[in-house]
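Shown next: work34.txt, given as compact mmCIF, C-alpha atoms.
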```
# COMPACT_ATOMS: atom_id res chain seq x y z
CA MET A 1463 0.00 0.00 0.00
CA ALA A 1464 1.33 3.37 -0.99
CA ASN A 1465 2.14 5.82 1.76
CA ARG A 1466 0.17 9.04 2.09
CA THR A 1467 2.81 11.19 0.39
CA GLN A 1468 2.64 8.93 -2.67
CA GLU A 1469 -1.16 8.93 -2.59
CA VAL A 1470 -1.40 12.72 -2.40
CA SER A 1471 1.27 13.18 -5.05
CA ALA A 1472 -0.65 10.84 -7.35
CA VAL A 1473 -3.78 13.02 -7.11
CA VAL A 1474 -1.82 16.16 -7.96
CA GLU A 1475 -0.06 14.38 -10.84
CA ALA A 1476 -3.48 13.24 -12.06
CA PHE A 1477 -4.53 16.90 -12.26
CA ALA A 1478 -1.90 17.40 -14.98
CA ALA A 1479 -2.56 14.02 -16.61
CA CYS A 1480 -6.30 14.73 -16.98
CA TRP A 1481 -5.51 18.26 -18.18
CA ASN A 1482 -3.17 16.99 -20.85
CA VAL A 1483 -5.68 14.52 -22.31
CA HIS A 1484 -8.42 17.14 -21.75
CA ASP A 1485 -10.59 14.60 -19.90
CA MET A 1486 -12.73 16.87 -17.74
CA THR A 1487 -14.84 13.99 -16.44
CA ALA A 1488 -11.82 12.42 -14.78
CA PHE A 1489 -10.53 15.90 -13.88
CA GLY A 1490 -13.70 16.75 -11.98
CA ASP A 1491 -13.56 13.46 -10.10
CA LEU A 1492 -10.32 14.60 -8.42
CA PHE A 1493 -12.37 17.13 -6.44
CA ALA A 1494 -14.66 16.68 -3.46
CA PRO A 1495 -18.33 17.53 -4.13
CA ASP A 1496 -18.04 20.78 -2.16
CA ALA A 1497 -14.55 21.73 -3.36
CA GLU A 1498 -13.73 25.33 -4.26
CA PHE A 1499 -11.32 26.63 -6.90
CA VAL A 1500 -9.91 30.11 -7.56
CA ASN A 1501 -8.13 30.46 -10.89
CA VAL A 1502 -5.32 32.83 -11.89
CA VAL A 1503 -7.64 35.78 -12.59
CA GLY A 1504 -9.72 35.30 -9.45
CA LEU A 1505 -12.67 33.38 -10.87
CA TRP A 1506 -14.10 31.48 -7.90
CA TRP A 1507 -15.90 28.24 -8.63
CA LYS A 1508 -17.84 26.48 -5.84
CA GLY A 1509 -18.50 22.75 -6.08
CA ARG A 1510 -17.13 19.91 -8.20
CA GLU A 1511 -19.63 20.45 -11.01
CA ALA A 1512 -18.88 24.15 -11.33
CA ILE A 1513 -15.15 23.36 -11.41
CA ARG A 1514 -15.71 20.67 -14.04
CA GLU A 1515 -17.92 22.84 -16.26
CA ALA A 1516 -15.57 25.83 -16.15
CA HIS A 1517 -12.60 23.67 -17.10
CA ALA A 1518 -14.59 21.89 -19.82
CA PHE A 1519 -15.30 25.29 -21.36
CA ILE A 1520 -11.70 26.48 -21.39
CA HIS A 1521 -10.46 23.07 -22.59
CA ALA A 1522 -12.84 23.38 -25.53
CA THR A 1523 -11.33 26.77 -26.38
CA MET A 1524 -8.12 28.45 -25.09
CA PHE A 1525 -6.63 25.34 -23.50
CA LYS A 1526 -7.74 22.78 -26.11
CA HIS A 1527 -4.19 21.79 -27.07
CA SER A 1528 -2.40 23.07 -23.97
CA ARG A 1529 0.06 21.03 -21.94
CA LEU A 1530 0.58 21.39 -18.18
CA THR A 1531 3.82 20.23 -16.54
CA PHE A 1532 4.73 20.27 -12.85
CA GLN A 1533 8.36 21.12 -12.09
CA SER A 1534 7.89 20.34 -8.41
CA ILE A 1535 5.18 19.34 -5.94
CA ASP A 1536 5.76 20.23 -2.29
CA ILE A 1537 3.57 18.41 0.22
CA ARG A 1538 2.85 19.15 3.89
CA PHE A 1539 0.48 17.35 6.28
CA PRO A 1540 -1.03 19.77 8.82
CA ALA A 1541 -3.24 16.91 10.07
CA ASP A 1542 -3.35 13.15 9.54
CA THR A 1543 -6.12 13.38 6.96
CA LEU A 1544 -5.26 16.73 5.37
CA ALA A 1545 -2.52 17.75 2.97
CA ILE A 1546 -1.38 21.10 1.59
CA THR A 1547 0.43 20.85 -1.73
CA ARG A 1548 2.04 23.52 -3.85
CA ALA A 1549 2.95 22.75 -7.44
CA HIS A 1550 5.24 24.87 -9.61
CA TRP A 1551 3.77 24.57 -13.10
CA THR A 1552 4.43 25.47 -16.71
CA LEU A 1553 1.64 25.77 -19.28
CA GLU A 1554 2.36 25.62 -23.00
CA GLY A 1555 0.38 25.39 -26.21
CA HIS A 1556 -2.52 27.60 -25.13
CA VAL A 1557 -4.06 30.34 -27.26
CA SER A 1558 -5.75 33.69 -26.69
CA PRO A 1559 -9.55 34.03 -26.80
CA GLN A 1560 -8.97 35.13 -30.42
CA GLY A 1561 -7.02 31.92 -31.20
CA ASP A 1562 -3.50 33.34 -31.31
CA ALA A 1563 -0.63 31.23 -29.95
CA LEU A 1564 0.68 32.48 -26.59
CA PRO A 1565 4.06 32.02 -24.92
CA ALA A 1566 4.58 29.57 -22.06
CA ARG A 1567 3.39 30.66 -18.61
CA THR A 1568 4.44 29.54 -15.14
CA GLY A 1569 2.69 29.66 -11.81
CA LEU A 1570 2.13 28.19 -8.37
CA MET A 1571 -0.97 26.15 -7.55
CA LEU A 1572 -2.02 25.46 -3.99
CA ASN A 1573 -4.22 22.44 -3.32
CA VAL A 1574 -5.70 21.33 -0.01
CA LEU A 1575 -6.59 17.64 -0.03
CA ALA A 1576 -8.58 15.54 2.44
CA GLN A 1577 -8.48 11.79 2.94
CA THR A 1578 -11.96 10.36 2.42
CA PRO A 1579 -13.38 6.82 2.15
CA SER A 1580 -12.94 7.28 -1.63
CA GLY A 1581 -9.28 8.23 -1.23
CA TRP A 1582 -7.60 11.65 -1.20
CA GLN A 1583 -9.65 14.40 -2.82
CA ILE A 1584 -8.94 18.06 -3.54
CA ILE A 1585 -11.12 20.23 -1.31
CA ASP A 1586 -9.65 23.61 -2.27
CA SER A 1587 -7.42 24.99 -5.03
CA GLN A 1588 -6.00 28.43 -5.63
CA ASN A 1589 -3.78 29.30 -8.55
CA THR A 1590 -1.44 32.25 -9.07
CA ASP A 1591 0.63 33.20 -12.10
CA ILE A 1592 4.30 33.97 -11.64
CA VAL A 1593 5.13 37.46 -12.96
CA ASP A 1594 8.91 37.62 -13.13
CA GLY A 1595 10.69 40.71 -11.93
CA GLU A 1596 7.75 42.23 -10.03
CA LEU A 1597 7.08 42.61 -6.31
CA SER A 1598 3.37 43.07 -6.84
CA ARG A 1599 0.85 43.19 -9.65
CA PRO A 1600 1.89 45.45 -12.53
CA GLN A 1601 -0.88 48.01 -13.10
CA MET B 1139 -15.24 32.23 25.19
CA ALA B 1140 -15.46 32.97 21.49
CA ASN B 1141 -16.35 30.11 19.18
CA ARG B 1142 -13.87 28.93 16.59
CA THR B 1143 -15.48 30.85 13.72
CA GLN B 1144 -15.08 34.09 15.68
CA GLU B 1145 -11.50 33.18 16.63
CA VAL B 1146 -10.48 32.40 13.04
CA SER B 1147 -12.26 35.46 11.71
CA ALA B 1148 -10.40 37.60 14.25
CA VAL B 1149 -7.02 36.39 12.93
CA VAL B 1150 -7.98 37.19 9.34
CA GLU B 1151 -9.32 40.60 10.38
CA ALA B 1152 -6.05 41.20 12.22
CA PHE B 1153 -4.20 40.64 8.91
CA ALA B 1154 -5.91 43.75 7.56
CA ALA B 1155 -5.64 45.68 10.85
CA CYS B 1156 -1.85 45.11 11.04
CA TRP B 1157 -1.53 45.95 7.34
CA ASN B 1158 -3.36 49.24 7.77
CA VAL B 1159 -1.17 50.44 10.63
CA HIS B 1160 1.84 48.94 8.82
CA ASP B 1161 2.90 47.03 11.95
CA MET B 1162 4.87 44.17 10.50
CA THR B 1163 5.93 42.86 13.91
CA ALA B 1164 2.32 42.13 14.81
CA PHE B 1165 1.63 41.06 11.23
CA GLY B 1166 4.34 38.39 11.32
CA ASP B 1167 3.03 37.08 14.64
CA LEU B 1168 -0.19 36.00 12.89
CA PHE B 1169 1.81 33.29 11.12
CA ALA B 1170 3.15 29.96 12.38
CA PRO B 1171 6.96 29.70 12.40
CA ASP B 1172 6.91 27.39 9.36
CA ALA B 1173 4.11 29.18 7.48
CA GLU B 1174 4.36 29.72 3.74
CA PHE B 1175 3.01 32.62 1.65
CA VAL B 1176 2.61 33.06 -2.11
CA ASN B 1177 1.83 36.62 -3.16
CA VAL B 1178 -0.06 37.85 -6.23
CA VAL B 1179 2.94 37.62 -8.56
CA GLY B 1180 4.03 34.19 -7.34
CA LEU B 1181 6.74 35.19 -4.88
CA TRP B 1182 6.96 32.28 -2.44
CA TRP B 1183 8.11 33.04 1.09
CA LYS B 1184 8.87 30.20 3.49
CA GLY B 1185 8.73 30.80 7.23
CA ARG B 1186 7.36 33.55 9.46
CA GLU B 1187 10.53 35.64 9.32
CA ALA B 1188 10.70 35.58 5.52
CA ILE B 1189 7.02 36.60 5.37
CA ARG B 1190 7.61 39.40 7.88
CA GLU B 1191 10.73 40.74 6.13
CA ALA B 1192 9.13 40.73 2.68
CA HIS B 1193 6.09 42.59 3.94
CA ALA B 1194 8.25 45.04 5.91
CA PHE B 1195 10.04 45.89 2.67
CA ILE B 1196 6.90 46.54 0.65
CA HIS B 1197 5.29 48.44 3.51
CA ALA B 1198 8.33 50.74 3.56
CA THR B 1199 7.83 51.41 -0.16
CA MET B 1200 4.85 50.62 -2.47
CA PHE B 1201 2.38 49.85 0.32
CA LYS B 1202 3.52 52.49 2.83
CA HIS B 1203 0.17 54.33 2.83
CA SER B 1204 -2.00 51.55 1.43
CA ARG B 1205 -5.26 50.40 2.97
CA LEU B 1206 -6.59 46.83 2.82
CA THR B 1207 -10.30 46.12 3.29
CA PHE B 1208 -12.07 42.75 3.35
CA GLN B 1209 -15.49 42.70 1.70
CA SER B 1210 -16.12 39.14 2.87
CA ILE B 1211 -14.38 36.32 4.73
CA ASP B 1212 -15.64 32.78 4.03
CA ILE B 1213 -14.58 30.14 6.56
CA ARG B 1214 -14.66 26.34 6.33
CA PHE B 1215 -13.40 23.77 8.86
CA PRO B 1216 -12.06 20.64 7.13
CA ALA B 1217 -10.90 19.35 10.54
CA ASP B 1218 -11.49 20.40 14.14
CA THR B 1219 -8.20 22.24 14.37
CA LEU B 1220 -7.88 23.49 10.79
CA ALA B 1221 -9.67 26.26 8.93
CA ILE B 1222 -9.67 27.37 5.30
CA THR B 1223 -10.59 31.00 4.81
CA ARG B 1224 -11.03 33.02 1.64
CA ALA B 1225 -11.18 36.79 1.86
CA HIS B 1226 -12.33 39.09 -0.93
CA TRP B 1227 -10.17 42.18 -0.60
CA THR B 1228 -9.70 45.68 -1.94
CA LEU B 1229 -6.37 47.50 -1.76
CA GLU B 1230 -6.17 51.28 -2.13
CA GLY B 1231 -3.55 53.99 -1.70
CA HIS B 1232 -0.59 51.99 -3.02
CA VAL B 1233 1.98 53.34 -5.46
CA SER B 1234 4.15 51.94 -8.23
CA PRO B 1235 7.84 51.16 -7.63
CA GLN B 1236 8.43 54.65 -9.14
CA GLY B 1237 6.08 56.27 -6.61
CA ASP B 1238 3.09 56.95 -8.85
CA ALA B 1239 -0.41 56.55 -7.41
CA LEU B 1240 -2.19 53.41 -8.64
CA PRO B 1241 -5.90 52.61 -8.87
CA ALA B 1242 -7.63 50.30 -6.39
CA ARG B 1243 -7.13 46.55 -6.86
CA THR B 1244 -9.21 43.59 -5.73
CA GLY B 1245 -8.34 39.96 -5.12
CA LEU B 1246 -8.99 36.75 -3.26
CA MET B 1247 -6.71 35.55 -0.47
CA LEU B 1248 -6.75 31.99 0.76
CA ASN B 1249 -5.49 31.30 4.28
CA VAL B 1250 -5.14 27.94 5.99
CA LEU B 1251 -5.10 28.28 9.78
CA ALA B 1252 -4.28 25.77 12.49
CA GLN B 1253 -5.32 25.83 16.13
CA THR B 1254 -2.22 25.78 18.33
CA PRO B 1255 -1.59 26.22 22.07
CA SER B 1256 -0.98 29.89 21.19
CA GLY B 1257 -4.32 30.17 19.40
CA TRP B 1258 -5.17 30.03 15.71
CA GLN B 1259 -2.23 30.77 13.41
CA ILE B 1260 -1.93 31.10 9.64
CA ILE B 1261 0.07 28.17 8.27
CA ASP B 1262 -0.35 28.93 4.56
CA SER B 1263 -1.48 31.89 2.45
CA GLN B 1264 -1.92 32.28 -1.27
CA ASN B 1265 -3.10 35.47 -2.91
CA THR B 1266 -4.56 36.06 -6.37
CA ASP B 1267 -5.55 39.30 -8.07
CA ILE B 1268 -8.97 39.56 -9.68
CA VAL B 1269 -8.65 40.52 -13.34
CA ASP B 1270 -12.16 41.50 -14.45
CA GLY B 1271 -13.45 40.27 -17.77
CA GLU B 1272 -10.79 37.59 -18.33
CA LEU B 1273 -11.01 33.80 -18.22
CA SER B 1274 -7.27 33.42 -17.81
CA ARG B 1275 -4.18 35.58 -17.56
CA PRO B 1276 -3.94 38.27 -20.25
CA GLN B 1277 -0.62 37.87 -22.08
```
Structure re-expressed in structure tokens:
Amino acid sequence: MANRTQEVSAVVEAFAACWNVHDMTAFGDLFAPDAEFVNVVGLWWKGREAIREAHAFIHATMFKHSRLTFQSIDIRFPADTLAITRAHWTLEGHVSPQGDALPARTGLMLNVLAQTPSGWQIIDSQNTDIVDGELSRPQ
Amino acid sequence: MANRTQEVSAVVEAFAACWNVHDMTAFGDLFAPDAEFVNVVGLWWKGREAIREAHAFIHATMFKHSRLTFQSIDIRFPADTLAITRAHWTLEGHVSPQGDALPARTGLMLNVLAQTPSGWQIIDSQNTDIVDGELSRPQ
């Protein structure tokens, strides 16, 4: 039986794996029914189905051929059945809303996971783009 | 004795209160010694002292006269001694690195707090700007 670090890491890795085959059914199943998700521009989705539908929309458009890679996944366990993970990611192959190719982006994604009878599930995600060379948001 | 929702809410409110009097000693004390913090441009600070020093720097410069207000603070308890909070914030009165006045900004800040013998402490923060009218980061 895998240890909890391996189990949690596998869920986070599955986030990228589902993203890269654009399987939003499997992607949604990584989340608890009442999970919340804040994306890089502060869109706040509440509940697994809202998270799934929002990602299905962007994977049908801007992110249709995009590829997500994790450079690192840090994991902490603040309680026996809870994990905090932070993944350093790169996104490539995405396009603008107008369909123009865009350069690679990087960011940091926080996930909080809980151990449930169905295994570890994401209960909260928040994502932030890395803006090199800035101390705060350029305005 | 206050209930846990009031106690957690008080810590998050203190984040803004310390910010607005620019007291980074008290601000740092809101965090656990091994807390982590990712700011809106993906700077990742590890440990209370790193969080305190980074905020002391920006409060001596860009954020010296800034004012942070929370419009809402949502709180969930995934375990008895852990809380996930998400605050919808507005920042005003900040300036650019060159000293020019900047318009108000809004964002969403996630905090994970743990109950300790010293009370509730922030163990992880991640902050994301709200970019109105976008589905993903404008590039």
* Take atom CA of Leu1530 of chain A and atom CA of Ala1479 of chain A and report the distance between them in Å, one decimal. =>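 Spanning atom CA of Leu1530 of chain A to atom CA of Ala1479 of chain A is a straight-line distance of 8.2 Å.
Nearest to Trp1258 of chain B of all the residues B:Leu1273, B:Val1149, B:Ile1189, B:Leu1246 is B:Val1149, based on only C-alpha atoms.
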Please determine the contact residues of chain A with respect to chain B at a cut-off of 7 Å, counting all atoms listed in the file, and supply them as a short mmCIF file (atom, residue, chain, number, x, y, z; two decimals) with C-alpha atoms, keeping the file's coordinate frame.
```cif
data_model
loop_
_atom_site.label_atom_id
_atom_site.label_comp_id
_atom_site.auth_asym_id
_atom_site.auth_seq_id
_atom_site.Cartn_x
_atom_site.Cartn_y
_atom_site.Cartn_z
CA VAL A 1502 -5.32 32.83 -11.89
CA VAL A 1503 -7.64 35.78 -12.59
CA GLY A 1504 -9.72 35.30 -9.45
CA GLY A 1569 2.69 29.66 -11.81
CA LEU A 1570 2.13 28.19 -8.37
CA THR A 1590 -1.44 32.25 -9.07
CA ASP A 1591 0.63 33.20 -12.10
CA ILE A 1592 4.30 33.97 -11.64
CA VAL A 1593 5.13 37.46 -12.96
CA GLU A 1596 7.75 42.23 -10.03
CA LEU A 1597 7.08 42.61 -6.31
CA SER A 1598 3.37 43.07 -6.84
CA ARG A 1599 0.85 43.19 -9.65
#
```
* Can you work out which one of B:Glu1174, B:Ala1239, B:Phe1153, B:Asn1249 has the shortest atom-to-atom distance to Arg1214 of chain B, counting only C-alpha atoms? =>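 Using only C-alpha atoms, Arg1214 of chain B sits closest to B:Asn1249.
For the residues B:Gln1259, B:Arg1205, B:Ile1211, B:Glu1230, ranking by smallest atom-to-atom distance to Ala1154 of chain B using all atoms listed in the file places B:Arg1205 first.
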* Asked: Suppose you want the space between atom CA of Met1162 of chain B and atom CA of Phe1499 of chain A; what is it in Å?
  -> 29.5 Å
* Out of A:Asp1496, A:Thr1487, A:Asn1482, A:Ser1534, which residue has the shortest atom-to-atom distance to His1556 of chain A when counting all atoms listed in the file? -> A:Asn1482
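Atom CA of Trp1551 of chain A to atom CA of Glu1515 of chain A spans 22.0 Å [interatomic distance, one decimal].
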Radius query 10 Å about (-5.1, 37.5, 14.3), atoms used: all atoms listed in the file, as an mmCIF file with C-alpha atoms, keeping the file's coordinate frame:
```
data_model
loop_
_atom_site.group_PDB
_atom_site.id
_atom_site.type_symbol
_atom_site.label_atom_id
_atom_site.label_comp_id
_atom_site.auth_asym_id
_atom_site.auth_seq_id
_atom_site.Cartn_x
_atom_site.Cartn_y
_atom_site.Cartn_z
ATOM 1 C CA GLU B 1145 -11.500 33.180 16.630
ATOM 2 C CA VAL B 1146 -10.480 32.400 13.040
ATOM 3 C CA SER B 1147 -12.260 35.460 11.710
ATOM 4 C CA ALA B 1148 -10.400 37.600 14.250
ATOM 5 C CA VAL B 1149 -7.020 36.390 12.930
ATOM 6 C CA VAL B 1150 -7.980 37.190 9.340
ATOM 7 C CA GLU B 1151 -9.320 40.600 10.380
ATOM 8 C CA ALA B 1152 -6.050 41.200 12.220
ATOM 9 C CA PHE B 1153 -4.200 40.640 8.910
ATOM 10 C CA ALA B 1154 -5.910 43.750 7.560
ATOM 11 C CA ALA B 1155 -5.640 45.680 10.850
ATOM 12 C CA CYS B 1156 -1.850 45.110 11.040
ATOM 13 C CA ALA B 1164 2.320 42.130 14.810
ATOM 14 C CA PHE B 1165 1.630 41.060 11.230
ATOM 15 C CA GLY B 1166 4.340 38.390 11.320
ATOM 16 C CA ASP B 1167 3.030 37.080 14.640
ATOM 17 C CA LEU B 1168 -0.190 36.000 12.890
ATOM 18 C CA PHE B 1169 1.810 33.290 11.120
ATOM 19 C CA GLY B 1257 -4.320 30.170 19.400
ATOM 20 C CA TRP B 1258 -5.170 30.030 15.710
ATOM 21 C CA GLN B 1259 -2.230 30.770 13.410
ATOM 22 C CA ILE B 1260 -1.930 31.100 9.640
#
```
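If only C-alpha atoms are the atoms counted, then among A:Gln1577, A:His1527, A:Phe1539, A:Ala1497 the closest residue to Ala1512 of chain A is A:Ala1497.
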